[in-house]
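Following: one structure in structure tokens, then a few remarks.
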Amino acid sequence: MKEPVYIGFANKIAAMIDSEIYKAEDKLPSLRSLHKENGLSIGTVLQAFNYLIDKGLITSREKSGYFVNHRPGKKLPLPQALPVSLSERSVHIDKLLQKLRNDETGRNFVSFANALPDHRLLPFNSIKRAIQQTSRDISGNYLMLESRYGNRQLREEIAKRSFLWKGSTHADELIITNGATEAILCCLQTVTKPGDTVLVQDPCYYGVMQVLECLDLKIATIPSHPETGIAVNDLKAACKKLNIKACVLVSNFNNPDGASISTEGKKQIAEFANTHHIPVIEDDLYGELFFRGSRPDTIKAYDTDGWVMYCNSFTKTLVPGFRIGWCAAGRFAYEVARIKSMHNGSTSNFNQRVVLQLLSSGSYERHLQKFRLELNKNLIRTTNLIEQHFPEGTKVTRPNGGLVIWVEVPENINVVAFQEKAFQHEVSYAPGEIFSAKGDYQHYMRISYCNLWENKVQKALIELGRILSEVYESSVGRAG
């Protein structure tokens, strides 16, 4: 899908704001002057300005023009990536997860721990209409079991969307699953056996590590830099040194550090997988949630011989409770479908048909356009409050999409131990330790920005910063 002219123009202005060509409180050129200088209609320029207003970058002042919004003067540095450590180990993440507090209660409790969108940000009316429309089918076909591959029409709609990320996926290689986690699990079961070693990026989403633990697989890691993602040379070195049977990689907006692999990196990984016959399981759960330009490409887009197994889901973008995921498994499609059918037969027929209605009617795409704007505004608000209220020495990522940011606080704050204090103040976050197979990241935390932004959310984040600062100042005082 070609990017609208007004969005392309708006992104140019946004880039100038990011690079501080236009600083806070600067007045932007008038609609008329931009119309003349760029050969765009006044309507297109106005659309671009409204888009930037929605993103929280500029504001309109009556009879005065358009001005750049104030953003904190300091830019916090990026969290530190860990050094390369080419070794393999068993995974024991579940016991750690069970120790974490998750009994959030009370109307004033705010969770920044869950990377799931607030239900009030979802297209409730569109979903309700799709449910009603599906249930009106007098044939009653939605009451029956689907095939192991899933609803054919839904797979065709998903295949059509692959051109957005430069892919050419065919419906015949798609399998509908119960969320992306099942897709990853089935892919791993297809290409590994207990005791094999799987390569992931570090930090890594704990759900992937739970799957590895469940399948009795070993883990090897390569570091992810929050700005540049993984280094392909690290991947090649790990595969050369260790007996890697598969790689599980998040291509866009990694959870938790928001890192994306570059287009060149994606091409090289696909080429390496096809040349050396090492399966790459690509998790692109957040690819639709981009904030700049057009939808990012994927490793799968450059797969020539079916060694990339692409996994995605509508859990983070549309209907979390329906658990509709999918997998483009390439040369492994038959075996992945067979294993999926052994787990639980087929995915809910009714839920698949509701999602089909949302895709084919255009409701999903319209929702995404609004959802991305809200998330981007929340990201800006969250980052601003962290810069203003978290302790000195805090570092934070600056993702261009996704639902979470990765925060490094001063080393003398153990965020697992700090959790109890945060709970007492009715706020929670995800401690960094659960994103490591080695128990690292003890002074890191993942904060989600997918709540509906309201006063109690803002107050909770300020309060979290305040009590973190208290703990930091107290520890510095003791050290002194």
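Identifiers for the structure tokens are assigned positionally: chains receive A, B, ... in sequence, residues are indexed from 1 per chain, and ligands are indexed from 1 in the order shown.
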If we count only C-alpha atoms, what is near Arg89 (chain A) at a cut-off of 8 Å, once residues fewer than 4 positions away on the same chain are taken out, given as number ranges by chain?
-> A: 218-220
Store the residues picked out above in a file with N, CA and C atoms, as a CSV table (one decimal), in the first residue's frame.
```csv
chain,number,residue,atom,x,y,z
A,218,LYS,N,17.7,-26.1,24.9
A,218,LYS,CA,18.7,-25.2,25.4
A,218,LYS,C,18.7,-23.8,24.7
A,219,ILE,N,19.3,-22.8,25.3
A,219,ILE,CA,19.2,-21.5,24.8
A,219,ILE,C,20.6,-20.9,24.6
A,220,ALA,N,20.8,-20.2,23.5
A,220,ALA,CA,22.0,-19.4,23.3
A,220,ALA,C,21.6,-18.1,22.9
```
Could you tell me, as a PyMOL selection string, which residues of region 208-315 of chain A DSSP assigns to strand (DSSP E) when given the backbone?
-> chain A and resi 218-223+244-250+280-283+308-313
May I have the residues within 7 Å of region 24-31 of chain A as a PyMOL selection string, using only C-alpha atoms and disregarding those fewer than 6 positions away in the same chain?
-> chain A and resi 42+45-46+65-71
Tell me, as a PyMOL selection string, which residues lie within 7 Å of region 190-195 of chain A, counting only C-alpha atoms; anything in the same chain fewer than 3 positions away does not count.
-> chain A and resi 186-187+215-218+245+335-336
Would you save the residues of that selection, restricted to N, CA and C atoms, as a compact mmCIF listing (two decimals), in the first residue's frame?
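Contents of the output file part.txt:
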```txt
# COMPACT_ATOMS: atom_id res chain seq x y z
N CYS A 186 4.81 -24.68 17.76
CA CYS A 186 4.67 -25.69 16.71
C CYS A 186 5.87 -25.65 15.75
N CYS A 187 6.34 -24.45 15.44
CA CYS A 187 7.53 -24.34 14.57
C CYS A 187 8.74 -24.97 15.23
N LEU A 215 9.73 -27.29 25.99
CA LEU A 215 10.18 -28.28 25.01
C LEU A 215 11.54 -28.87 25.36
N ASP A 216 12.07 -28.50 26.54
CA ASP A 216 13.36 -29.01 27.01
C ASP A 216 14.48 -28.70 26.00
N LEU A 217 14.49 -27.44 25.55
CA LEU A 217 15.52 -26.98 24.61
C LEU A 217 16.51 -26.09 25.35
N LYS A 218 17.74 -26.08 24.89
CA LYS A 218 18.75 -25.18 25.44
C LYS A 218 18.69 -23.84 24.70
N LYS A 245 20.20 -25.33 16.15
CA LYS A 245 19.21 -26.03 15.33
C LYS A 245 18.14 -25.10 14.78
N GLU A 335 4.14 -30.08 8.25
CA GLU A 335 4.49 -30.62 9.56
C GLU A 335 4.01 -29.71 10.69
N VAL A 336 4.09 -28.39 10.50
CA VAL A 336 3.58 -27.46 11.51
C VAL A 336 2.07 -27.65 11.70
```
Across A:Ser85, A:Gln419, A:Ser260, A:Asn274, the smallest distance to Arg331 (chain A), with only C-alpha atoms counted, is shown by A:Asn274
